[in-house]
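S.K.: Take a look at the following structure, please.
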Amino acid sequence: MTQPPPPPNQPPGPPQGGFGAPQDPPPGGFGAPQQPQGQPQYGYPQQQPPTQPQGQPQGQPQYGYPQQPPTQPQGQPQYGYPQQPPTQPQGQPQYGYPTQPQYGYQPTPPSGGKKLNTQMQIIIAAVVAVVLIIGGGVWYASSGDDDPGNQGKGSGGQTQGQTGGKTKSAPDGPGKEKVPGNTQAKVSFQLPHPKVADITDVAGSWLTEKAYVKTGVNSIVGYDPAKGTPMWTLALPGQVCATSRHTTADNKTAIVYEAAKRLPPRNYQPCTEVAVVDLLAGKLVWTKSITSASSGDDKVVFSEVTLGGGTVAAGGTDGGAAFDLANGAVRWKPEANAQNCRDLGYGGGAALAVVRRCGPYDSSTVVIQNVKPATGEPISEFKMPAGVKYASIVSTKPLVVAADVGDTAGDGSGISDFFSIDESTGKLKVKIAADADRFAARCRSTEVETCTKVVVGNNRLYLPTEDHEGGGEYGDTNEIVSFDLTTGKPTSDKADAGDRYSMYPLRMDGGNLIAYKTPPYDKGGQIVSIDGASFQQTVLLENPSDEAVRDAESSFSSDYAEILYSNGRMFISETMVSEPRKTTYDDKEYLIVAYATTG
């Protein structure tokens, strides 16, 4: 096999030196104390402080914990906060709940950076076990594993995945992905950036049984998944500007594209043409555009599209419209109304939901509606809190919405809180605070269905923590944790990325999670399956550690790249390309890099 080309440029996003590269030592050197002993760890349920912080009104929920719905009486226990049983003596550890230190690794030693020797650890462990037994119950604890090669260990303070000698299944059932005979992968193909004159959106990628399909320049192309050779090319009059991540059982999806090619100096065309694409045949099923009373003779412009319940729904600042998936018949379109309401965008998949804004922008309200796909008639409605200008739909069934309430996130993630909503009644089940310093999910606040690094399944919300110092000599790590969507409480789920790796969920596979591990500077990335019941990890694919291959993989930003995995094949692609950068190095930029296991 021909060795891949020299290292390419790296787009904005990944840290200098690639994911997991050694960083400058912290003050005091590696191993010096970075966190006071007993301080809560990243992304894990914490003990309630004995007193309210100074300056904070008594009874006010603390930031960073799931909050109770606004109608809950003051003084009632907070949603999402593990409560102490009423009869528990003050200061005694709660039965069945982990005490600090948490997250499977010990706090940094107070001085010198030295760790306890094995004999001392055994003595301490024995003393702790006796204390727990005397305290009223035996707490089964399992420590985390910092070795990324030692897979198959779950964590969360209890024996995982076994019931009466039988393996317990996740609520959403078993996954379909099987472990390949040999998980070591090789590069299948690499495709360079297309030549463009300006920044061009190439978001959109799909997998069928026969092809890997990717948005190109004024086209959509179906590639041989093993060779990367085009199997078909769907030429379009203009650039694709919005795509749906959802596909039907017969491999159809929805897109929006521009009606004409971009010409300098403007290099822009309005995004007006809604279409359904047959991903097997490489053909358009139908194409539609509409006008409305507010747009006059101009076509309505859309910025996003989805599909659900046999309906294609497109939204944008001009309002929303919907079409019959089978034939393109218009089901509804923007209409003038006394409340000055308009559909900003839709969430699809198992159901169809809409983010709807009403009133002038400065004093507008945002509502979430679960609608009938055939008519758009609301089934239920939830009014978002004051201070919300945009909202993102993470899942439609169960209905989960993300928002940056009052622009408090402060990190560009578009998320300060998640809202678990009863899709039948519109009532809030629970609000889960997503502290921007602790969790790493992202949503484009101005678009409804573009959240990444967050998935919903098993009635749980799965999130990656932010990177933090690992247990080795250098390099960061993180975890995937979860919250119960009924109670809002953090669960015992915790999957450790391992030293110098960072991981985030890609999608659900039945009741299991498919996750990607971004590699350190000297390793290849991994695709793992996380069992939804035990949270044990199983490696499905591991990319080569050759320098040129590593550099190609790390050239993609984890915040913007699209990653698909199925049946031993992984595809990573760009969502935006631009005119080639002029550098002094012979760098190469890729549109797609594909890998496949060898067994």
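In the structure tokens, each chain is lettered A, B, ... as it comes, each chain's residues begin at 1, and ligands are numbered from 1 in order of appearance.
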I want to know what sits within 7 Å of Ser188 of chain A, based on only C-alpha atoms, with residues of the same chain fewer than 3 positions away left out; could you give that as a list in words?

M.R.: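 The neighbour list is Ala226, Lys227, Ala594, Tyr595 and Ala596 of chain A.
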
S.K.: Would you export the selected residues with all heavy atoms as a compact mmCIF listing (two decimals), in the first residue's frame, please?

M.R.:
```txt
# COMPACT_ATOMS: atom_id res chain seq x y z
N ALA A 226 -15.16 0.95 -0.15
CA ALA A 226 -13.86 0.31 -0.01
C ALA A 226 -12.77 1.02 -0.79
O ALA A 226 -11.62 1.09 -0.35
CB ALA A 226 -13.94 -1.16 -0.46
N LYS A 227 -13.12 1.58 -1.95
CA LYS A 227 -12.12 2.15 -2.84
C LYS A 227 -12.17 3.67 -2.93
O LYS A 227 -11.18 4.30 -3.31
CB LYS A 227 -12.28 1.56 -4.24
CG LYS A 227 -12.18 0.04 -4.30
CD LYS A 227 -12.45 -0.45 -5.70
CE LYS A 227 -12.43 -1.97 -5.77
NZ LYS A 227 -12.76 -2.46 -7.15
N ALA A 594 -11.15 7.58 4.87
CA ALA A 594 -11.93 6.38 5.22
C ALA A 594 -11.00 5.29 5.73
O ALA A 594 -9.87 5.13 5.24
CB ALA A 594 -12.71 5.89 4.00
N TYR A 595 -11.49 4.52 6.70
CA TYR A 595 -10.73 3.43 7.30
C TYR A 595 -11.60 2.18 7.32
O TYR A 595 -12.83 2.26 7.35
CB TYR A 595 -10.33 3.76 8.74
CG TYR A 595 -9.62 5.08 8.92
CD1 TYR A 595 -10.35 6.26 9.09
CD2 TYR A 595 -8.23 5.17 8.94
CE1 TYR A 595 -9.72 7.48 9.26
CE2 TYR A 595 -7.59 6.39 9.11
CZ TYR A 595 -8.34 7.54 9.28
OH TYR A 595 -7.72 8.75 9.45
N ALA A 596 -10.96 1.02 7.36
CA ALA A 596 -11.69 -0.24 7.46
C ALA A 596 -10.86 -1.23 8.27
O ALA A 596 -9.63 -1.26 8.16
CB ALA A 596 -11.99 -0.81 6.08
```

S.K.: Write out as a CSV table (one decimal) with N, CA, C and O atoms, in the first residue's frame each polymer residue whose atoms come within 6 Å of Ala403 of chain A, counting only C-alpha atoms; drop sequence neighbours fewer than 2 positions from it.

M.R.:
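See out11.csv below for the written result:
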```
chain,number,residue,atom,x,y,z
A,391,ALA,N,-33.5,27.8,20.3
A,391,ALA,CA,-33.5,26.5,21.0
A,391,ALA,C,-33.1,25.4,20.0
A,391,ALA,O,-33.4,25.6,18.8
A,405,VAL,N,-29.9,29.7,28.1
A,405,VAL,CA,-30.8,30.6,28.8
A,405,VAL,C,-30.1,31.8,29.2
A,405,VAL,O,-29.2,31.8,30.0
A,415,ILE,N,-25.4,25.9,24.9
A,415,ILE,CA,-26.1,25.1,25.8
A,415,ILE,C,-25.8,25.6,27.3
A,415,ILE,O,-24.6,25.6,27.7
A,417,ASP,N,-28.6,24.6,29.5
A,417,ASP,CA,-29.5,23.7,30.1
A,417,ASP,C,-30.2,22.8,29.0
A,417,ASP,O,-30.3,23.2,27.9
```

S.K.: Which distance in Å separates atom CA of Ser303 of chain A and atom CA of Pro192 of chain A, to one decimal?

M.R.: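 Taking atom CA of Ser303 of chain A as the start and atom CA of Pro192 of chain A as the end point, the length is 26.8 Å.
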
S.K.: So that I can check the surroundings of Leu541 of chain A, please list as a ChimeraX atom specification every protein, DNA and RNA residue that reaches within 10 Å of it, counting only C-alpha atoms and ignoring chain neighbours fewer than 2 positions away.

M.R.: /A:179-180,182-186,516,524-529,538-539,543-544,565,567-570,595-598

S.K.: Just the selected residues (C-alpha atoms), exported as an mmCIF file, in the first residue's frame, please.

M.R.:
```
data_model
loop_
_atom_site.group_PDB
_atom_site.id
_atom_site.type_symbol
_atom_site.label_atom_id
_atom_site.label_comp_id
_atom_site.auth_asym_id
_atom_site.auth_seq_id
_atom_site.Cartn_x
_atom_site.Cartn_y
_atom_site.Cartn_z
ATOM 1 C CA VAL A 179 -16.929 -6.799 16.839
ATOM 2 C CA PRO A 180 -14.710 -7.450 13.773
ATOM 3 C CA ASN A 182 -9.437 -7.927 13.808
ATOM 4 C CA THR A 183 -10.168 -4.391 15.010
ATOM 5 C CA GLN A 184 -6.913 -2.939 13.615
ATOM 6 C CA ALA A 185 -7.814 -0.682 10.695
ATOM 7 C CA LYS A 186 -6.115 0.468 7.506
ATOM 8 C CA TYR A 516 -15.223 8.093 18.921
ATOM 9 C CA GLY A 524 -4.687 6.397 16.037
ATOM 10 C CA GLY A 525 -8.291 7.118 16.953
ATOM 11 C CA GLN A 526 -10.764 4.464 18.038
ATOM 12 C CA ILE A 527 -14.421 3.633 17.556
ATOM 13 C CA VAL A 528 -15.884 1.926 20.628
ATOM 14 C CA SER A 529 -19.253 0.471 21.541
ATOM 15 C CA THR A 538 -15.600 -2.705 23.385
ATOM 16 C CA VAL A 539 -13.207 -1.530 20.679
ATOM 17 C CA ASN A 543 -6.809 3.481 13.315
ATOM 18 C CA PRO A 544 -3.111 3.166 12.394
ATOM 19 C CA TYR A 565 -19.234 4.211 11.464
ATOM 20 C CA ASN A 567 -19.795 -2.665 10.006
ATOM 21 C CA GLY A 568 -16.061 -2.132 10.536
ATOM 22 C CA ARG A 569 -15.810 1.028 8.419
ATOM 23 C CA MET A 570 -15.224 4.592 9.610
ATOM 24 C CA TYR A 595 -10.733 3.427 7.297
ATOM 25 C CA ALA A 596 -11.687 -0.239 7.462
ATOM 26 C CA THR A 597 -10.829 -3.072 9.829
ATOM 27 C CA THR A 598 -8.667 -5.847 8.446
#
```

S.K.: I want to know what sits within 10 Å of segment 348-357 of chain A, based on only C-alpha atoms, with residues of the same chain fewer than 6 positions away left out; could you give that as an mmCIF file with N, CA and C atoms, in the first residue's frame?

M.R.:
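Output saved as out22.cif:
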```cif
data_model
loop_
_atom_site.group_PDB
_atom_site.id
_atom_site.type_symbol
_atom_site.label_atom_id
_atom_site.label_comp_id
_atom_site.auth_asym_id
_atom_site.auth_seq_id
_atom_site.Cartn_x
_atom_site.Cartn_y
_atom_site.Cartn_z
ATOM 1 N N SER A 244 -30.462 16.789 5.893
ATOM 2 C CA SER A 244 -31.014 16.099 7.058
ATOM 3 C C SER A 244 -30.108 14.933 7.428
ATOM 4 N N ARG A 245 -29.924 14.724 8.719
ATOM 5 C CA ARG A 245 -29.149 13.575 9.184
ATOM 6 C C ARG A 245 -29.981 12.294 9.165
ATOM 7 N N HIS A 246 -31.293 12.435 8.991
ATOM 8 C CA HIS A 246 -32.183 11.280 9.029
ATOM 9 C C HIS A 246 -32.357 10.684 7.636
ATOM 10 N N THR A 247 -32.555 9.380 7.584
ATOM 11 C CA THR A 247 -32.879 8.688 6.338
ATOM 12 C C THR A 247 -34.054 7.766 6.579
ATOM 13 N N THR A 248 -34.786 7.464 5.512
ATOM 14 C CA THR A 248 -35.901 6.533 5.610
ATOM 15 C C THR A 248 -35.390 5.098 5.515
ATOM 16 N N VAL A 305 -33.230 21.638 7.185
ATOM 17 C CA VAL A 305 -34.276 20.724 6.735
ATOM 18 C C VAL A 305 -34.177 19.429 7.517
ATOM 19 N N THR A 306 -35.304 18.759 7.697
ATOM 20 C CA THR A 306 -35.316 17.459 8.363
ATOM 21 C C THR A 306 -36.472 16.649 7.806
ATOM 22 N N LEU A 307 -36.605 15.421 8.280
ATOM 23 C CA LEU A 307 -37.753 14.609 7.903
ATOM 24 C C LEU A 307 -38.183 13.740 9.084
ATOM 25 N N GLY A 308 -39.490 13.516 9.153
ATOM 26 C CA GLY A 308 -40.054 12.686 10.206
ATOM 27 C C GLY A 308 -41.530 12.447 9.957
ATOM 28 N N GLY A 309 -41.998 11.248 10.211
ATOM 29 C CA GLY A 309 -43.412 10.933 10.053
ATOM 30 C C GLY A 309 -43.928 11.099 8.644
ATOM 31 N N GLY A 310 -43.092 10.819 7.633
ATOM 32 C CA GLY A 310 -43.524 10.937 6.251
ATOM 33 C C GLY A 310 -43.574 12.361 5.750
ATOM 34 N N THR A 311 -42.966 13.296 6.494
ATOM 35 C CA THR A 311 -42.987 14.712 6.121
ATOM 36 C C THR A 311 -41.575 15.264 6.053
ATOM 37 N N VAL A 312 -41.308 16.084 5.039
ATOM 38 C CA VAL A 312 -40.067 16.863 4.945
ATOM 39 C C VAL A 312 -40.395 18.266 5.423
ATOM 40 N N ALA A 313 -39.649 18.768 6.412
ATOM 41 C CA ALA A 313 -39.920 20.086 6.982
ATOM 42 C C ALA A 313 -38.670 20.933 6.900
ATOM 43 N N GLY A 315 -36.992 24.950 7.616
ATOM 44 C CA GLY A 315 -37.213 26.166 8.396
ATOM 45 C C GLY A 315 -36.130 27.192 8.151
ATOM 46 N N GLY A 319 -39.588 31.617 8.014
ATOM 47 C CA GLY A 319 -40.635 30.729 8.496
ATOM 48 C C GLY A 319 -40.421 29.318 7.996
ATOM 49 N N GLY A 320 -41.385 28.435 8.284
ATOM 50 C CA GLY A 320 -41.231 27.028 7.955
ATOM 51 C C GLY A 320 -42.268 26.528 6.971
ATOM 52 N N GLN A 339 -50.037 36.991 15.942
ATOM 53 C CA GLN A 339 -49.008 36.852 16.981
ATOM 54 C C GLN A 339 -47.594 37.020 16.434
ATOM 55 N N ASN A 340 -47.469 37.213 15.134
ATOM 56 C CA ASN A 340 -46.154 37.333 14.494
ATOM 57 C C ASN A 340 -45.278 36.129 14.851
ATOM 58 N N CYS A 341 -45.843 34.927 14.703
ATOM 59 C CA CYS A 341 -45.118 33.688 14.994
ATOM 60 C C CYS A 341 -44.558 33.091 13.710
ATOM 61 N N ARG A 342 -43.391 32.479 13.825
ATOM 62 C CA ARG A 342 -42.804 31.786 12.677
ATOM 63 C C ARG A 342 -42.009 30.583 13.155
ATOM 64 N N SER A 364 -39.496 38.619 22.265
ATOM 65 C CA SER A 364 -40.107 37.406 21.728
ATOM 66 C C SER A 364 -40.145 36.280 22.755
ATOM 67 N N THR A 365 -41.029 35.342 22.504
ATOM 68 C CA THR A 365 -41.084 34.109 23.280
ATOM 69 C C THR A 365 -40.839 32.944 22.335
ATOM 70 N N VAL A 366 -40.231 31.889 22.871
ATOM 71 C CA VAL A 366 -39.939 30.695 22.077
ATOM 72 C C VAL A 366 -40.727 29.532 22.659
ATOM 73 N N VAL A 367 -41.417 28.799 21.798
ATOM 74 C CA VAL A 367 -42.174 27.635 22.241
ATOM 75 C C VAL A 367 -41.717 26.411 21.452
ATOM 76 N N ILE A 368 -41.843 25.262 22.091
ATOM 77 C CA ILE A 368 -41.543 23.976 21.462
ATOM 78 C C ILE A 368 -42.857 23.235 21.278
ATOM 79 N N GLN A 369 -43.163 22.857 20.054
ATOM 80 C CA GLN A 369 -44.399 22.139 19.773
ATOM 81 C C GLN A 369 -44.095 20.767 19.193
ATOM 82 N N ASN A 370 -44.757 19.752 19.719
ATOM 83 C CA ASN A 370 -44.803 18.440 19.085
ATOM 84 C C ASN A 370 -45.997 18.458 18.155
ATOM 85 N N VAL A 371 -45.790 18.250 16.850
ATOM 86 C CA VAL A 371 -46.859 18.463 15.877
ATOM 87 C C VAL A 371 -47.201 17.180 15.129
ATOM 88 N N LYS A 372 -48.404 17.174 14.561
ATOM 89 C CA LYS A 372 -48.806 16.077 13.680
ATOM 90 C C LYS A 372 -48.106 16.279 12.337
ATOM 91 N N PRO A 373 -47.321 15.297 11.883
ATOM 92 C CA PRO A 373 -46.540 15.493 10.658
ATOM 93 C C PRO A 373 -47.378 15.786 9.415
ATOM 94 N N ALA A 374 -48.569 15.285 9.348
ATOM 95 C CA ALA A 374 -49.375 15.448 8.134
ATOM 96 C C ALA A 374 -50.002 16.831 8.028
ATOM 97 N N GLY A 376 -49.276 19.612 10.716
ATOM 98 C CA GLY A 376 -48.614 20.645 11.493
ATOM 99 C C GLY A 376 -49.397 21.059 12.725
ATOM 100 N N PRO A 378 -50.540 21.288 16.387
ATOM 101 C CA PRO A 378 -49.815 20.979 17.621
ATOM 102 C C PRO A 378 -50.482 19.868 18.425
ATOM 103 N N ILE A 379 -49.676 18.929 18.878
ATOM 104 C CA ILE A 379 -50.119 17.899 19.825
ATOM 105 C C ILE A 379 -49.916 18.405 21.245
ATOM 106 N N SER A 380 -48.800 19.089 21.464
ATOM 107 C CA SER A 380 -48.492 19.656 22.774
ATOM 108 C C SER A 380 -47.580 20.855 22.566
ATOM 109 N N GLU A 381 -47.470 21.676 23.618
ATOM 110 C CA GLU A 381 -46.650 22.883 23.512
ATOM 111 C C GLU A 381 -45.992 23.177 24.855
ATOM 112 N N PHE A 382 -44.709 23.581 24.811
ATOM 113 C CA PHE A 382 -43.978 23.989 26.008
ATOM 114 C C PHE A 382 -43.348 25.344 25.755
ATOM 115 N N LYS A 383 -43.589 26.274 26.660
ATOM 116 C CA LYS A 383 -43.024 27.618 26.535
ATOM 117 C C LYS A 383 -41.663 27.645 27.212
ATOM 118 N N MET A 384 -40.640 28.028 26.450
ATOM 119 C CA MET A 384 -39.292 28.111 26.996
ATOM 120 C C MET A 384 -39.185 29.291 27.965
ATOM 121 N N VAL A 388 -34.600 33.062 26.443
ATOM 122 C CA VAL A 388 -34.264 32.124 25.371
ATOM 123 C C VAL A 388 -34.668 32.731 24.031
ATOM 124 N N LYS A 389 -33.701 32.916 23.143
ATOM 125 C CA LYS A 389 -33.968 33.441 21.807
ATOM 126 C C LYS A 389 -33.961 32.336 20.757
ATOM 127 N N TYR A 390 -33.198 31.283 21.026
ATOM 128 C CA TYR A 390 -33.100 30.152 20.112
ATOM 129 C C TYR A 390 -33.137 28.872 20.948
ATOM 130 N N ALA A 391 -33.472 27.770 20.311
ATOM 131 C CA ALA A 391 -33.454 26.474 20.987
ATOM 132 C C ALA A 391 -33.103 25.403 19.965
ATOM 133 N N SER A 392 -32.517 24.325 20.435
ATOM 134 C CA SER A 392 -32.132 23.204 19.567
ATOM 135 C C SER A 392 -32.827 21.940 20.033
ATOM 136 N N ILE A 393 -33.294 21.142 19.082
ATOM 137 C CA ILE A 393 -33.958 19.883 19.408
ATOM 138 C C ILE A 393 -32.931 18.756 19.320
ATOM 139 N N VAL A 394 -32.669 18.125 20.453
ATOM 140 C CA VAL A 394 -31.707 17.021 20.523
ATOM 141 C C VAL A 394 -32.380 15.714 20.121
ATOM 142 N N SER A 395 -33.626 15.531 20.540
ATOM 143 C CA SER A 395 -34.376 14.312 20.250
ATOM 144 C C SER A 395 -35.859 14.660 20.241
ATOM 145 N N THR A 396 -36.625 13.964 19.385
ATOM 146 C CA THR A 396 -38.071 14.216 19.337
ATOM 147 C C THR A 396 -38.869 13.183 20.118
ATOM 148 N N LYS A 397 -38.311 11.997 20.320
ATOM 149 C CA LYS A 397 -39.025 10.959 21.072
ATOM 150 C C LYS A 397 -38.000 10.079 21.781
ATOM 151 N N PRO A 398 -37.740 10.377 23.078
ATOM 152 C CA PRO A 398 -38.352 11.397 23.926
ATOM 153 C C PRO A 398 -37.948 12.803 23.485
ATOM 154 N N LEU A 399 -38.757 13.787 23.843
ATOM 155 C CA LEU A 399 -38.511 15.166 23.420
ATOM 156 C C LEU A 399 -37.509 15.817 24.371
ATOM 157 N N VAL A 401 -34.737 19.145 24.529
ATOM 158 C CA VAL A 401 -34.390 20.423 23.909
ATOM 159 C C VAL A 401 -33.213 21.035 24.666
ATOM 160 N N GLU A 423 -43.758 14.753 25.525
ATOM 161 C CA GLU A 423 -44.209 15.116 24.179
ATOM 162 C C GLU A 423 -45.721 15.016 24.015
ATOM 163 N N GLU A 447 -29.490 27.248 14.802
ATOM 164 C CA GLU A 447 -30.036 26.156 14.005
ATOM 165 C C GLU A 447 -30.629 25.110 14.939
ATOM 166 N N VAL A 448 -31.716 24.496 14.512
ATOM 167 C CA VAL A 448 -32.532 23.691 15.413
ATOM 168 C C VAL A 448 -32.016 22.266 15.583
ATOM 169 N N GLU A 449 -31.474 21.659 14.540
ATOM 170 C CA GLU A 449 -31.133 20.232 14.631
ATOM 171 C C GLU A 449 -29.669 19.991 14.250
#
```

S.K.: Do you know which residues are at most 7 Å from Ser416 of chain A counting only C-alpha atoms, after dropping those on the same chain fewer than 2 positions away, and could you put them as a list in words?

M.R.: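 Residues meeting the cut-off are Ala403, Asp404, Val405, Thr408, Ala409, Gly414, Ala433, Ala434, Asp435 and Ala436 of chain A.
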
S.K.: Which value, in Å to one decimal, gives the distance between atom CA of Glu479 of chain A and atom CA of Ala548 of chain A?

M.R.: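 Distance reported for this atom pair: 27.8 Å.
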
S.K.: One decimal, Å: what's the distance from atom CA of Lys523 of chain A over to atom CA of Glu547 of chain A, could you say?

M.R.: 8.6 Å
